[in-house]
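> input.csv is reproduced below (CSV, N, CA and C atoms and all ligand atoms).
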chain,number,residue,atom,x,y,z
F,1,MET,N,106.8,53.8,-43.7
F,1,MET,CA,106.3,54.9,-42.9
F,1,MET,C,107.4,55.5,-42.1
F,2,LEU,N,107.4,56.8,-42.0
F,2,LEU,CA,108.4,57.6,-41.3
F,2,LEU,C,108.4,57.3,-39.7
F,3,TYR,N,107.2,57.3,-39.2
F,3,TYR,CA,107.0,57.1,-37.8
F,3,TYR,C,106.3,55.8,-37.5
F,4,SER,N,106.7,55.1,-36.4
F,4,SER,CA,106.1,53.9,-36.0
F,4,SER,C,104.6,54.2,-35.5
F,5,GLU,N,103.8,53.1,-35.5
F,5,GLU,CA,102.5,53.3,-34.9
F,5,GLU,C,102.5,53.7,-33.5
F,6,LYS,N,103.5,53.2,-32.7
F,6,LYS,CA,103.6,53.6,-31.3
F,6,LYS,C,104.0,55.0,-31.1
F,7,VAL,N,104.9,55.5,-32.0
F,7,VAL,CA,105.2,57.0,-31.9
F,7,VAL,C,104.0,57.8,-32.2
F,8,MET,N,103.2,57.4,-33.3
F,8,MET,CA,102.0,58.2,-33.6
F,8,MET,C,101.0,58.1,-32.5
F,9,ASP,N,100.9,57.0,-31.9
F,9,ASP,CA,99.9,56.8,-30.8
F,9,ASP,C,100.3,57.7,-29.6
F,10,HIS,N,101.6,57.7,-29.2
F,10,HIS,CA,102.0,58.5,-28.1
F,10,HIS,C,102.0,60.0,-28.4
F,11,PHE,N,102.2,60.3,-29.7
F,11,PHE,CA,102.2,61.7,-30.1
F,11,PHE,C,100.8,62.2,-30.0
F,12,GLN,N,99.8,61.4,-30.5
F,12,GLN,CA,98.4,61.9,-30.6
F,12,GLN,C,97.7,61.8,-29.3
F,13,HIS,N,98.1,60.8,-28.5
F,13,HIS,CA,97.5,60.6,-27.2
F,13,HIS,C,98.6,60.5,-26.1
F,14,PRO,N,99.3,61.6,-25.9
F,14,PRO,CA,100.4,61.5,-24.9
F,14,PRO,C,99.9,61.2,-23.5
F,15,ARG,N,100.6,60.3,-22.8
F,15,ARG,CA,100.2,59.9,-21.4
F,15,ARG,C,101.0,60.9,-20.4
F,16,ASN,N,100.3,61.1,-19.3
F,16,ASN,CA,100.9,61.9,-18.2
F,16,ASN,C,101.3,63.3,-18.6
F,17,VAL,N,100.5,63.9,-19.4
F,17,VAL,CA,100.8,65.4,-19.7
F,17,VAL,C,100.2,66.2,-18.5
F,18,GLY,N,100.9,67.2,-18.1
F,18,GLY,CA,100.4,68.1,-17.1
F,18,GLY,C,101.4,68.5,-16.1
F,19,LYS,N,100.9,68.8,-14.9
F,19,LYS,CA,101.8,69.4,-13.9
F,19,LYS,C,101.4,68.8,-12.6
F,20,ILE,N,102.4,68.5,-11.7
F,20,ILE,CA,102.1,68.1,-10.4
F,20,ILE,C,102.3,69.3,-9.4
F,21,GLU,N,101.3,69.8,-8.8
F,21,GLU,CA,101.4,71.0,-8.0
F,21,GLU,C,102.3,70.8,-6.9
F,22,ASP,N,102.2,69.6,-6.2
F,22,ASP,CA,103.0,69.4,-5.0
F,22,ASP,C,104.2,68.4,-5.3
F,23,ALA,N,104.8,68.6,-6.4
F,23,ALA,CA,105.8,67.7,-6.9
F,23,ALA,C,107.0,67.6,-5.9
F,24,ASP,N,107.7,66.5,-5.8
F,24,ASP,CA,108.9,66.4,-5.0
F,24,ASP,C,110.1,66.8,-5.7
F,25,GLY,N,110.0,66.8,-7.0
F,25,GLY,CA,111.1,67.2,-7.9
F,25,GLY,C,110.6,67.7,-9.2
F,26,VAL,N,111.2,68.8,-9.7
F,26,VAL,CA,110.9,69.4,-11.0
F,26,VAL,C,112.1,69.6,-11.8
F,27,GLY,N,112.1,69.2,-13.0
F,27,GLY,CA,113.3,69.4,-13.9
F,27,GLY,C,112.9,70.0,-15.1
F,28,GLU,N,113.7,71.0,-15.5
F,28,GLU,CA,113.4,71.7,-16.8
F,28,GLU,C,114.7,71.7,-17.6
F,29,VAL,N,114.6,71.2,-18.8
F,29,VAL,CA,115.8,71.2,-19.7
F,29,VAL,C,115.4,71.7,-21.1
F,30,GLY,N,116.5,72.1,-21.8
F,30,GLY,CA,116.3,72.6,-23.1
F,30,GLY,C,117.1,71.8,-24.1
F,31,ASN,N,116.7,71.6,-25.3
F,31,ASN,CA,117.4,70.9,-26.3
F,31,ASN,C,118.3,71.9,-27.0
F,32,ALA,N,119.6,71.6,-26.9
F,32,ALA,CA,120.6,72.5,-27.5
F,32,ALA,C,120.5,72.6,-29.0
F,33,LYS,N,120.0,71.5,-29.6
F,33,LYS,CA,119.9,71.4,-31.1
F,33,LYS,C,118.8,72.2,-31.7
F,34,CYS,N,117.6,72.3,-31.0
F,34,CYS,CA,116.5,72.9,-31.6
F,34,CYS,C,115.9,74.0,-30.7
F,35,GLY,N,116.3,74.1,-29.4
F,35,GLY,CA,115.8,75.1,-28.5
F,35,GLY,C,114.5,74.7,-27.9
F,36,ASP,N,114.0,73.5,-28.1
F,36,ASP,CA,112.7,73.0,-27.5
F,36,ASP,C,113.0,72.8,-26.0
F,37,ILE,N,111.9,72.9,-25.2
F,37,ILE,CA,111.9,72.8,-23.8
F,37,ILE,C,111.1,71.7,-23.2
F,38,MET,N,111.5,71.1,-22.2
F,38,MET,CA,110.8,70.0,-21.5
F,38,MET,C,110.8,70.2,-20.0
F,39,LYS,N,109.6,70.1,-19.4
F,39,LYS,CA,109.5,70.2,-17.9
F,39,LYS,C,108.9,68.9,-17.4
F,40,MET,N,109.5,68.3,-16.4
F,40,MET,CA,109.1,67.1,-15.8
F,40,MET,C,108.9,67.2,-14.3
F,41,TYR,N,107.8,66.6,-13.8
F,41,TYR,CA,107.5,66.7,-12.4
F,41,TYR,C,107.4,65.3,-11.9
F,42,ILE,N,108.0,65.0,-10.7
F,42,ILE,CA,107.9,63.7,-10.1
F,42,ILE,C,107.4,63.8,-8.6
F,43,LYS,N,106.7,62.7,-8.3
F,43,LYS,CA,106.3,62.5,-6.9
F,43,LYS,C,107.1,61.3,-6.4
F,44,VAL,N,107.7,61.3,-5.3
F,44,VAL,CA,108.6,60.2,-4.8
F,44,VAL,C,108.2,59.9,-3.4
F,45,ASP,N,108.0,58.6,-3.1
F,45,ASP,CA,107.6,58.2,-1.8
F,45,ASP,C,108.9,57.9,-0.9
F,46,GLU,N,108.6,57.5,0.3
F,46,GLU,CA,109.7,57.3,1.3
F,46,GLU,C,110.7,56.2,0.9
F,47,ASN,N,110.3,55.3,0.0
F,47,ASN,CA,111.1,54.3,-0.5
F,47,ASN,C,111.8,54.6,-1.8
F,48,GLU,N,111.8,55.9,-2.1
F,48,GLU,CA,112.4,56.4,-3.4
F,48,GLU,C,111.7,55.8,-4.6
F,49,ILE,N,110.4,55.5,-4.5
F,49,ILE,CA,109.7,55.0,-5.7
F,49,ILE,C,109.0,56.2,-6.3
F,50,ILE,N,109.1,56.3,-7.6
F,50,ILE,CA,108.4,57.4,-8.3
F,50,ILE,C,106.9,57.0,-8.5
F,51,THR,N,106.1,57.6,-7.7
F,51,THR,CA,104.7,57.2,-7.6
F,51,THR,C,103.9,57.9,-8.7
F,52,ASP,N,104.4,59.1,-9.1
F,52,ASP,CA,103.6,59.8,-10.2
F,52,ASP,C,104.6,60.7,-10.9
F,53,VAL,N,104.3,60.9,-12.2
F,53,VAL,CA,105.2,61.7,-13.0
F,53,VAL,C,104.3,62.4,-14.1
F,54,LYS,N,104.6,63.6,-14.4
F,54,LYS,CA,103.9,64.4,-15.4
F,54,LYS,C,104.9,65.2,-16.2
F,55,PHE,N,104.6,65.6,-17.4
F,55,PHE,CA,105.5,66.4,-18.2
F,55,PHE,C,104.7,67.4,-19.0
F,56,ASN,N,105.4,68.5,-19.3
F,56,ASN,CA,104.9,69.5,-20.3
F,56,ASN,C,106.1,69.8,-21.2
F,57,THR,N,105.7,70.0,-22.4
F,57,THR,CA,106.8,70.3,-23.4
F,57,THR,C,106.4,71.3,-24.4
F,58,PHE,N,107.4,72.2,-24.8
F,58,PHE,CA,107.3,72.9,-26.0
F,58,PHE,C,108.2,72.3,-27.0
F,59,GLY,N,107.9,71.1,-27.3
F,59,GLY,CA,108.8,70.3,-28.2
F,59,GLY,C,108.0,69.7,-29.3
F,60,CYS,N,108.8,69.1,-30.2
F,60,CYS,CA,108.1,68.5,-31.4
F,60,CYS,C,107.4,67.2,-31.1
F,61,GLY,N,106.8,66.6,-32.1
F,61,GLY,CA,106.1,65.4,-31.9
F,61,GLY,C,106.9,64.3,-31.4
F,62,SER,N,108.1,64.2,-31.8
F,62,SER,CA,109.0,63.1,-31.3
F,62,SER,C,109.3,63.3,-29.8
F,63,ALA,N,109.5,64.5,-29.4
F,63,ALA,CA,109.8,64.8,-28.0
F,63,ALA,C,108.6,64.5,-27.2
F,64,ILE,N,107.4,64.8,-27.7
F,64,ILE,CA,106.2,64.4,-27.0
F,64,ILE,C,106.0,62.9,-26.8
F,65,ALA,N,106.2,62.2,-27.9
F,65,ALA,CA,106.1,60.7,-27.9
F,65,ALA,C,107.1,60.1,-27.0
F,66,THR,N,108.4,60.5,-27.1
F,66,THR,CA,109.4,59.9,-26.2
F,66,THR,C,109.1,60.2,-24.7
F,67,SER,N,108.7,61.4,-24.4
F,67,SER,CA,108.4,61.8,-23.0
F,67,SER,C,107.2,61.0,-22.5
F,68,SER,N,106.2,60.9,-23.3
F,68,SER,CA,105.1,60.1,-23.0
F,68,SER,C,105.5,58.7,-22.6
F,69,MET,N,106.2,58.1,-23.5
F,69,MET,CA,106.7,56.7,-23.2
F,69,MET,C,107.6,56.6,-22.0
F,70,ALA,N,108.5,57.6,-21.9
F,70,ALA,CA,109.4,57.6,-20.8
F,70,ALA,C,108.7,57.7,-19.4
F,71,THR,N,107.6,58.5,-19.4
F,71,THR,CA,106.9,58.7,-18.1
F,71,THR,C,106.2,57.3,-17.8
F,72,GLU,N,105.7,56.7,-18.8
F,72,GLU,CA,105.1,55.4,-18.6
F,72,GLU,C,106.1,54.3,-18.0
F,73,MET,N,107.3,54.4,-18.5
F,73,MET,CA,108.4,53.5,-18.2
F,73,MET,C,108.9,53.7,-16.8
F,74,ILE,N,108.9,55.0,-16.3
F,74,ILE,CA,109.5,55.2,-15.0
F,74,ILE,C,108.5,55.2,-13.9
F,75,LYS,N,107.2,55.4,-14.2
F,75,LYS,CA,106.2,55.4,-13.2
F,75,LYS,C,106.1,54.1,-12.4
F,76,GLY,N,106.2,54.2,-11.1
F,76,GLY,CA,106.2,53.0,-10.2
F,76,GLY,C,107.6,52.3,-10.0
F,77,LYS,N,108.6,52.9,-10.7
F,77,LYS,CA,109.9,52.4,-10.5
F,77,LYS,C,110.7,53.2,-9.5
F,78,SER,N,111.8,52.6,-9.0
F,78,SER,CA,112.6,53.3,-8.0
F,78,SER,C,113.4,54.3,-8.8
F,79,ILE,N,113.9,55.3,-8.1
F,79,ILE,CA,114.7,56.3,-8.8
F,79,ILE,C,115.9,55.7,-9.5
F,80,LYS,N,116.5,54.7,-8.8
F,80,LYS,CA,117.7,54.0,-9.4
F,80,LYS,C,117.3,53.3,-10.7
F,81,GLU,N,116.2,52.6,-10.7
F,81,GLU,CA,115.7,52.0,-11.9
F,81,GLU,C,115.4,53.0,-13.0
F,82,ALA,N,114.8,54.1,-12.6
F,82,ALA,CA,114.4,55.1,-13.6
F,82,ALA,C,115.6,55.7,-14.3
F,83,LEU,N,116.6,55.9,-13.5
F,83,LEU,CA,117.8,56.6,-14.1
F,83,LEU,C,118.5,55.6,-15.0
F,84,ALA,N,118.3,54.3,-14.8
F,84,ALA,CA,119.0,53.3,-15.7
F,84,ALA,C,118.3,53.2,-17.1
F,85,ILE,N,117.1,53.9,-17.2
F,85,ILE,CA,116.4,53.8,-18.5
F,85,ILE,C,116.9,54.9,-19.4
F,86,SER,N,117.6,54.4,-20.4
F,86,SER,CA,118.3,55.4,-21.4
F,86,SER,C,117.3,55.9,-22.4
F,87,ASN,N,117.7,56.9,-23.1
F,87,ASN,CA,116.8,57.4,-24.2
F,87,ASN,C,116.7,56.3,-25.3
F,88,LYS,N,117.8,55.5,-25.4
F,88,LYS,CA,117.8,54.5,-26.4
F,88,LYS,C,116.7,53.4,-26.1
F,89,ALA,N,116.6,53.1,-24.8
F,89,ALA,CA,115.6,52.1,-24.4
F,89,ALA,C,114.2,52.7,-24.7
F,90,VAL,N,114.0,54.0,-24.5
F,90,VAL,CA,112.7,54.6,-24.7
F,90,VAL,C,112.4,54.6,-26.2
F,91,VAL,N,113.4,54.9,-27.0
F,91,VAL,CA,113.3,54.8,-28.5
F,91,VAL,C,112.9,53.4,-29.0
F,92,GLU,N,113.6,52.4,-28.3
F,92,GLU,CA,113.3,51.0,-28.7
F,92,GLU,C,111.9,50.7,-28.4
F,93,ALA,N,111.4,51.1,-27.2
F,93,ALA,CA,110.1,50.8,-26.8
F,93,ALA,C,109.0,51.4,-27.7
F,94,LEU,N,109.5,52.5,-28.4
F,94,LEU,CA,108.6,53.1,-29.4
F,94,LEU,C,108.7,52.6,-30.8
F,95,ASP,N,109.5,51.5,-30.9
F,95,ASP,CA,109.8,50.9,-32.2
F,95,ASP,C,110.6,51.8,-33.1
F,96,GLY,N,111.4,52.6,-32.5
F,96,GLY,CA,112.4,53.5,-33.3
F,96,GLY,C,111.9,54.8,-33.6
F,97,LEU,N,112.8,55.7,-34.0
F,97,LEU,CA,112.6,57.0,-34.4
F,97,LEU,C,113.5,57.3,-35.6
F,98,PRO,N,113.1,58.2,-36.6
F,98,PRO,CA,114.0,58.5,-37.6
F,98,PRO,C,115.3,59.1,-37.1
F,99,THR,N,116.4,58.8,-37.7
F,99,THR,CA,117.7,59.2,-37.2
F,99,THR,C,117.8,60.7,-36.8
F,100,ASN,N,117.2,61.5,-37.7
F,100,ASN,CA,117.3,63.0,-37.4
F,100,ASN,C,116.4,63.4,-36.3
F,101,LYS,N,115.7,62.5,-35.7
F,101,LYS,CA,114.8,62.8,-34.5
F,101,LYS,C,115.3,62.2,-33.2
F,102,ILE,N,116.5,61.5,-33.3
F,102,ILE,CA,117.0,60.9,-32.1
F,102,ILE,C,117.3,61.9,-31.0
F,103,HIS,N,117.8,63.1,-31.4
F,103,HIS,CA,118.1,64.1,-30.4
F,103,HIS,C,116.9,64.5,-29.6
F,104,CYS,N,115.7,64.4,-30.1
F,104,CYS,CA,114.5,64.8,-29.4
F,104,CYS,C,114.3,63.9,-28.2
F,105,SER,N,114.7,62.6,-28.3
F,105,SER,CA,114.5,61.6,-27.2
F,105,SER,C,115.4,61.9,-26.0
F,106,VAL,N,116.4,62.7,-26.3
F,106,VAL,CA,117.4,63.0,-25.2
F,106,VAL,C,116.7,63.9,-24.2
F,107,LEU,N,115.8,64.8,-24.7
F,107,LEU,CA,115.1,65.7,-23.8
F,107,LEU,C,114.4,65.0,-22.6
F,108,ALA,N,113.7,63.9,-22.9
F,108,ALA,CA,113.0,63.2,-21.8
F,108,ALA,C,114.0,62.7,-20.8
F,109,GLU,N,115.1,62.0,-21.3
F,109,GLU,CA,116.0,61.5,-20.3
F,109,GLU,C,116.6,62.5,-19.4
F,110,GLU,N,117.0,63.7,-20.1
F,110,GLU,CA,117.6,64.7,-19.3
F,110,GLU,C,116.6,65.4,-18.3
F,111,ALA,N,115.4,65.4,-18.7
F,111,ALA,CA,114.4,66.0,-17.8
F,111,ALA,C,114.1,65.2,-16.6
F,112,VAL,N,114.2,63.8,-16.8
F,112,VAL,CA,114.0,62.9,-15.7
F,112,VAL,C,115.2,63.1,-14.7
F,113,LYS,N,116.4,63.2,-15.3
F,113,LYS,CA,117.6,63.4,-14.4
F,113,LYS,C,117.5,64.7,-13.7
F,114,ALA,N,117.1,65.7,-14.4
F,114,ALA,CA,117.0,67.1,-13.7
F,114,ALA,C,115.9,67.0,-12.6
F,115,ALA,N,114.8,66.3,-12.8
F,115,ALA,CA,113.8,66.2,-11.8
F,115,ALA,C,114.3,65.5,-10.5
F,116,VAL,N,115.1,64.4,-10.8
F,116,VAL,CA,115.6,63.6,-9.7
F,116,VAL,C,116.7,64.4,-8.9
F,117,GLU,N,117.5,65.2,-9.7
F,117,GLU,CA,118.5,66.0,-9.0
F,117,GLU,C,117.8,67.1,-8.1
F,118,ASP,N,116.7,67.6,-8.6
F,118,ASP,CA,115.9,68.6,-7.8
F,118,ASP,C,115.4,68.0,-6.6
F,119,TYR,N,114.9,66.7,-6.7
F,119,TYR,CA,114.4,66.0,-5.6
F,119,TYR,C,115.5,65.8,-4.5
F,120,TYR,N,116.7,65.4,-4.9
F,120,TYR,CA,117.7,65.3,-3.9
F,120,TYR,C,118.1,66.6,-3.3
F,121,LYS,N,118.1,67.7,-4.1
F,121,LYS,CA,118.4,69.0,-3.6
F,121,LYS,C,117.4,69.4,-2.5
F,122,ARG,N,116.2,69.2,-2.8
F,122,ARG,CA,115.1,69.6,-1.9
F,122,ARG,C,115.2,68.9,-0.6
F,123,LYS,N,115.6,67.6,-0.7
F,123,LYS,CA,115.8,66.8,0.5
F,123,LYS,C,117.0,67.1,1.2
F,124,GLY,N,117.9,67.9,0.6
F,124,GLY,CA,119.2,68.1,1.3
F,124,GLY,C,120.1,67.0,1.2
F,125,LEU,N,119.9,66.1,0.2
F,125,LEU,CA,120.7,64.9,0.1
F,125,LEU,C,121.8,65.1,-0.9
F,126,PRO,N,122.9,64.4,-0.8
F,126,PRO,CA,124.0,64.5,-1.9
F,126,PRO,C,123.4,64.0,-3.2
F,127,ILE,N,123.9,64.7,-4.3
F,127,ILE,CA,123.4,64.3,-5.6
F,127,ILE,C,124.3,63.0,-6.0
F,128,PRO,N,123.6,61.9,-6.4
F,128,PRO,CA,124.4,60.8,-6.8
F,128,PRO,C,125.3,61.1,-8.0
F,129,GLU,N,126.4,60.4,-8.1
F,129,GLU,CA,127.4,60.7,-9.1
F,129,GLU,C,126.9,60.6,-10.6
F,130,ASP,N,126.0,59.6,-10.8
F,130,ASP,CA,125.6,59.4,-12.2
F,130,ASP,C,124.7,60.5,-12.7
F,131,LEU,N,124.4,61.4,-11.8
F,131,LEU,CA,123.6,62.6,-12.2
F,131,LEU,C,124.4,63.8,-12.6
F,132,SER,N,125.6,63.8,-12.1
F,132,SER,CA,126.3,65.0,-12.3
F,132,SER,C,127.1,65.0,-13.6
Z,201,LIG,FE1,113.2,69.8,-30.8
Z,201,LIG,FE2,112.4,67.5,-31.5
Z,201,LIG,S1,112.9,69.1,-32.8
Z,201,LIG,S2,112.8,68.2,-29.5
Hey, can you dump this file as structure tokens for me?
Ligand code: FES


Amino acid sequence: MLYSEKVMDHFQHPRNVGKIEDADGVGEVGNAKCGDIMKMYIKVDENEIITDVKFNTFGCGSAIATSSMATEMIKGKSIKEALAISNKAVVEALDGLPTNKIHCSVLAEEAVKAAVEDYYKRKGLPIPEDLS
């Protein structure tokens, strides 16, 4: 089979789809390879824990599945822990993606980074180096 059961599950029943109206950080990124777009919203508490996350995408099925899995993986984690989750880890959690679809998983990782960057900007805090 081309796609794992987990990919199909997250594609057909994506978790955390939507928008957070009073988000603490919003990130929007585009995929240079295909032109697809991903928007990520995060809520962050005073201990820098990501308490809620939602995403919207005009992306393909693989982008939807990886973003769905990525949001599940970062929810409840600290910003630092969330940033340490690579697109590779997300793909592994989905039991893999076809090679020509790996670029889709990058959208989720970049959108998380963009949302965190926005969070720091809104707070007037310096942007950590691993984001720039
Ligand atoms: Fe564009 Fe997958 S083809 S994100």

> Taking into account only C-alpha atoms, which residue in the set F:Leu97, F:Cys60, F:Leu83, F:Ile74 is nearest to F:Cys34?

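Of the candidates, the smallest distance to F:Cys34 is held by F:Cys60.
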
> Go through the chains and note each residue within 7 Å of ligand LIG 201 (chain Z), using only N, CA and C atoms and all ligand atoms, then give the set as a PyMOL selection string.

chain F and resi 31+33-37+58-64+101+103-105+107

> What is the distance between atom CA of F:Ile42 and atom CA of F:Asp24, in Å to one decimal?

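Pair atom CA of F:Ile42 / atom CA of F:Asp24 returns 5.9 Å.
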
> Quick one: distance from atom N of F:Lys19 to atom C of F:Lys75 in Å, one decimal?

15.8 Å

> Would you give me, as a PyMOL selection string, the residues in chain F that DSSP reads as strand (DSSP E)?

chain F and resi 25-30+37-44+50-58

> Between atom CA of F:Met69 and atom N of F:Tyr3, what is the distance in Å, rounded to a tenth?

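Distance reported for this atom pair: 16.0 Å.
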
> Where in stretch 5-119 of chain F does DSSP assign helix (DSSP H, G or I), given as a ChimeraX atom specification?

/F:5-12,61-74,79-83,87-93,99-119

> Quick one: everything within 7 Å of F:Met40, counting only N, CA and C atoms, minus sequence neighbours fewer than 2 positions away in the same chain. Send it as a ChimeraX atom specification.

/F:25-29,38,42,53-56,111-112,115

> Store the residues of this selection in a file with N, CA and C atoms, as a compact mmCIF listing (two decimals), in the frame of the given file.


# COMPACT_ATOMS: atom_id res chain seq x y z
N GLY F 25 110.00 66.80 -7.00
CA GLY F 25 111.10 67.20 -7.90
C GLY F 25 110.60 67.70 -9.20
N VAL F 26 111.20 68.80 -9.70
CA VAL F 26 110.90 69.40 -11.00
C VAL F 26 112.10 69.60 -11.80
N GLY F 27 112.10 69.20 -13.00
CA GLY F 27 113.30 69.40 -13.90
C GLY F 27 112.90 70.00 -15.10
N GLU F 28 113.70 71.00 -15.50
CA GLU F 28 113.40 71.70 -16.80
C GLU F 28 114.70 71.70 -17.60
N VAL F 29 114.60 71.20 -18.80
CA VAL F 29 115.80 71.20 -19.70
C VAL F 29 115.40 71.70 -21.10
N MET F 38 111.50 71.10 -22.20
CA MET F 38 110.80 70.00 -21.50
C MET F 38 110.80 70.20 -20.00
N ILE F 42 108.00 65.00 -10.70
CA ILE F 42 107.90 63.70 -10.10
C ILE F 42 107.40 63.80 -8.60
N VAL F 53 104.30 60.90 -12.20
CA VAL F 53 105.20 61.70 -13.00
C VAL F 53 104.30 62.40 -14.10
N LYS F 54 104.60 63.60 -14.40
CA LYS F 54 103.90 64.40 -15.40
C LYS F 54 104.90 65.20 -16.20
N PHE F 55 104.60 65.60 -17.40
CA PHE F 55 105.50 66.40 -18.20
C PHE F 55 104.70 67.40 -19.00
N ASN F 56 105.40 68.50 -19.30
CA ASN F 56 104.90 69.50 -20.30
C ASN F 56 106.10 69.80 -21.20
N ALA F 111 115.40 65.40 -18.70
CA ALA F 111 114.40 66.00 -17.80
C ALA F 111 114.10 65.20 -16.60
N VAL F 112 114.20 63.80 -16.80
CA VAL F 112 114.00 62.90 -15.70
C VAL F 112 115.20 63.10 -14.70
N ALA F 115 114.80 66.30 -12.80
CA ALA F 115 113.80 66.20 -11.80
C ALA F 115 114.30 65.50 -10.50

> Env of F:Leu131: 9 Å cut, atoms = only C-alpha atoms, seq-sep filter 3 positions within chain, self excluded. Answer as a list in words.

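Near neighbours after the sequence-gap exclusion: Leu83, Lys113, Ala114, Val116, Glu117, Ile127 and Pro128 of chain F.
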
> May I have the protein, DNA and RNA residues with an atom at most 12 Å from (111.3, 50.8, -25.3), counting only C-alpha atoms in the file's coordinates, returned as a list in words?

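Residues lying no farther than 12 Å from the given point: Lys6, Val7, Ala65, Thr66, Ser67, Ser68, Met69, Ala70, Thr71, Glu72, Met73, Ile74, Ile85, Ser86, Asn87, Lys88, Ala89, Val90, Val91, Glu92, Ala93, Leu94, Asp95, Gly96, Leu97 and Ser105 of chain F.
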
> Taking into account only C-alpha atoms, which residue in the set F:Glu21, F:Glu109, F:Lys123, F:Asp9 is nearest to F:Glu46?

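Answer, going by the shortest atom-to-atom distance: F:Lys123.
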
> Nearest residue to F:Ile20 out of F:Glu81, F:Glu5, F:Tyr41, F:Gly76, using all atoms listed in the file?

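Looking only at the distances to F:Ile20, the closest residue turns out to be F:Tyr41.
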
> Would you pull stretch 90-101 of chain F out of the block just shown and save N, CA and C atoms as a tab-separated table (two decimals), in the first residue's frame?


chain	number	residue	atom	x	y	z
F	90	VAL	N	7.76	13.23	12.85
F	90	VAL	CA	6.33	13.19	12.54
F	90	VAL	C	6.04	12.11	11.50
F	91	VAL	N	6.91	12.05	10.49
F	91	VAL	CA	6.74	11.03	9.44
F	91	VAL	C	6.88	9.64	10.04
F	92	GLU	N	7.84	9.49	10.97
F	92	GLU	CA	8.02	8.19	11.63
F	92	GLU	C	6.78	7.81	12.43
F	93	ALA	N	6.20	8.79	13.11
F	93	ALA	CA	5.00	8.54	13.91
F	93	ALA	C	3.83	8.11	13.02
F	94	LEU	N	3.89	8.49	11.76
F	94	LEU	CA	2.83	8.11	10.80
F	94	LEU	C	3.17	6.80	10.07
F	95	ASP	N	4.25	6.15	10.49
F	95	ASP	CA	4.73	4.93	9.82
F	95	ASP	C	5.16	5.19	8.39
F	96	GLY	N	5.68	6.38	8.16
F	96	GLY	CA	6.30	6.69	6.88
F	96	GLY	C	5.39	7.35	5.87
F	97	LEU	N	6.05	7.94	4.87
F	97	LEU	CA	5.36	8.57	3.74
F	97	LEU	C	6.12	8.16	2.48
F	98	PRO	N	5.44	8.11	1.33
F	98	PRO	CA	6.18	7.85	0.10
F	98	PRO	C	7.25	8.94	-0.09
F	99	THR	N	8.39	8.58	-0.64
F	99	THR	CA	9.52	9.52	-0.76
F	99	THR	C	9.14	10.83	-1.45
F	100	ASN	N	8.30	10.74	-2.48
F	100	ASN	CA	7.95	11.97	-3.20
F	100	ASN	C	6.96	12.83	-2.43
F	101	LYS	N	6.60	12.40	-1.22
F	101	LYS	CA	5.66	13.18	-0.41
F	101	LYS	C	6.33	13.72	0.86
